[in-house]
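Heads up: the structure comes next, in structure tokens.
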Amino acid sequence: MEKIVLPEIENFHQLDVYIQNAGYEAAKSAFTQTTNQIIDTVKKSGLRGRGGAAFSAGLKWSFMPKNNDKPKYLCVNGDESEPGSFKDRQILERNPHQLIEGTIIACYAIGAKSAYIYVRGEYHKWIKLLQKALDDAYEKGFVGEKMKETFGTDFSCNIYVHKGAGAYICGEESSLMNSIEGQRGYPRVKPPFPAQNGLWGNPTTINNVETITNIPPIIKKGWEWFSAIGEPKHPGTILFGVSGHVNNPGVFELPSGTLLTDIIYKYAGGVIGGKKIKCVIPGGSSMPPLRGDKLEGVKMDAESLKAVGSAIGTGGIMVMDEDTDLVRVLARIAKFYYHESCGQCTPCREGTGWMLKILNRLVRGEGTSKDLDLLITIAKNIEGNTICALGDAAAWPVKFMIARFREEFEAVVKDEVSLEPKNKVHSMRHTANPIAPVQV
Amino acid sequence: MEFKFSEENLQKIELVLKKYPTKQAAVMPVLYIAQEQNGWISKEVMVETASILEMNEEDVFGVVTFYTMYHKKEMGKYHIQVCTNVSCMLRGGYQIYDAVKEKLGLDNGDVSNDKKFSLEEVECMGSCGTAPMIAVNEDYFENLDKEKALQILDSLN
């Protein structure tokens, strides 16, 4: 199987090895085409965003205004903070030049003179690797003013690395832009969309690192080649990051539509100790979980996962064996979203905290069956009522985990609400008709 | 405690400013430079950063308090970060966290009296495929178990 994003070539991250393998030739050929031709090629290739929403990359580019004197910007999103997602890190380490080349082509296609690659702050090591590759590319004249000479074109662009500082929310595109502008990373209300009003009020496009890394091969080999790989509605390869209870966790580049069971058993080495699977989260912790007994025939692409009630997300597959305590897992997921909520919208800021408190009560064995319905009610009141998708990301795991694994949760809750007053003295003093008999 | 950027760091800031069309946009990288020099972001650091970047002091404060990687107090020489998010948790992240807590005698966010260690329970660090993990300052240590994690702590001095 051909690898598009992570070719298995030794030292591919080094500029000379990359050049030996036809590196930066896609950019050269791109400069002989019009920007419309490139956008058209990417559109026809069917490439969909790899950051979670799976939106058509070519269509996104086409939203950028053509006749506009304002400066235009490209942001490449390498914030990668979704639990279970660790694929962009592989690209930064093993194939940074293809990312840089893709960035150049994308800049040309949308008319951007500056691009910011936003990498999460914890990736100190990978930021250094990317910066090294970028410095090399500048020195050889593939980026910056010198590229006019190198590629024989009158276009040039600059690429900068921007280091995040530990905020999950900055992976959200408008929050990412606020972060680059030097503000708190609060998401913006949409519309206006970034293509109209992005960085510093100028037209901006935001693409994921993996999406951009797919661009050079598409330009080099054509959209027909790319669109024939994997599932027609979500073509290409996807970096699947498998983690949790598997023998051989890691990132696997496979055609879209690969069977989930094949990824787990053939590539990730099966479940530790040969145990059964209880639960799989197919696309990072915010995506609806799937039951272990319903994995047969599930294909890993956006449309197929939608059909079984989940989503592809970032392709981070978390596998949990039959002994996993899902109540604790859900409480941990809820803790994450509580921690990462930016606090701008009330339903998310308050709701994530309430969900965490109730789930912790369940973990302590003090929950009641009413708590389960209460959790679902809170989740439904967050979903769709916030500026950005973090609200949905916090609500989905709670809503779907309880719906699909209700027996797990019912096993840890008491059936009835205890009406026994906790503080007897207090209730005697203030309640004319105590709701439960008070025994001294 | 007064704070002024060193000559060398002022030159670094000049380079950073070239990357952005506004001065404010440089606030995150400049705060990183300040943190490297000072160890943490004190009130004086924020005032100085605001003055260099011609920003309101409260806006700098807003940025510092939004992002978890800017230290709002003096941290240990070795800042130990243990991930306990789902992928790490499934492979023993909490066993490591509990063992580290016990060994250092610290809770989340604490700094040891001799300022050698500080501890933080962190959210997903992107090491899910090599879980569980701890990070010491900027370095990742992956594929750990309790014993290996404690050995790493022992090797720090």
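Every chain in the structure tokens takes a letter, A first, then B, and so on in the order presented; its residues are numbered from 1, and the ligands are numbered from 1 following the presented order.
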
Contact check, range 19-89 of chain B to range 122-143 of chain B, at most 12 Å, counting only C-alpha atoms, closest pairs as a Markdown table:
```
| residue | atom | partner | partner_atom | distance |
| --- | --- | --- | --- | --- |
| B:Glu36 | CA | B:Asn137 | CA | 11.4 |
| B:Gly39 | CA | B:Asn137 | CA | 11.4 |
| B:Thr68 | CA | B:Val122 | CA | 9.5 |
| B:Met69 | CA | B:Val122 | CA | 10.4 |
| B:His71 | CA | B:Asn137 | CA | 11.9 |
| B:Met75 | CA | B:Asn137 | CA | 10.2 |
| B:Gly76 | CA | B:Asn137 | CA | 9.5 |
| B:Lys77 | CA | B:Asn137 | CA | 8.3 |
| B:Tyr78 | CA | B:Asn137 | CA | 6.0 |
| B:His79 | CA | B:Asn137 | CA | 5.0 |
| B:Ile80 | CA | B:Val136 | CA | 4.8 |
| B:Gln81 | CA | B:Ala135 | CA | 5.0 |
| B:Val82 | CA | B:Ile134 | CA | 4.5 |
| B:Cys83 | CA | B:Val122 | CA | 4.9 |
| B:Thr84 | CA | B:Glu123 | CA | 6.7 |
| B:Asn85 | CA | B:Cys124 | CA | 5.5 |
| B:Val86 | CA | B:Cys124 | CA | 8.1 |
| B:Ser87 | CA | B:Cys128 | CA | 5.3 |
| B:Cys88 | CA | B:Pro132 | CA | 4.5 |
| B:Met89 | CA | B:Pro132 | CA | 7.4 |
```

What's the 7 Å shell around range 215-221 of chain A, counting only C-alpha atoms, without same-chain residues fewer than 4 positions away, as JSON, numbers by chain? {"A": [4, 26, 30, 98, 101, 102, 225, 226]}

Test item: chain A residues at most 6 Å from chain B, counting only C-alpha atoms, as number ranges by chain: A: 83-84, 86, 165-167, 180-184, 243-244, 249-250

Determine, counting only C-alpha atoms, which protein, DNA and RNA residues have an atom within 9 Å of an atom of Ile358 in chain A; residues of the same chain fewer than 6 positions away are not included. Present the result as a ChimeraX atom specification. /A:331,367,371-372,374-375

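Distance-wise, CA of Glu122 in chain A and CA of Ile281 in chain A end up 23.9 Å apart.
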
Running DSSP on the backbone, which parts of range 53-211 of chain A land in helix (DSSP H, G or I), as a PyMOL selection string? chain A and resi 57-62+88-94+96-110+124-139+147-151+168-171+173-180+199-201+209-211

Of B:Val30, B:Met1, B:Leu119, B:Leu150, the one nearest to Ile96 in chain B when counting only C-alpha atoms is B:Leu150

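A straight line drawn from CA of Asn11 in chain A to CA of Val76 in chain A is 23.5 Å long.
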
Which residues, written as a list in words, have at least one atom at most 12 Å from Ser6 in chain B, with only C-alpha atoms counted and residues fewer than 3 positions away on the same chain left out?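 Contacts, in chain order: Phe3, Asn9, Leu10, Gln11, Lys12, Ile13, Ile33, Ala34, Glu36, Gln37, Asn38 and Glu48 of chain B.
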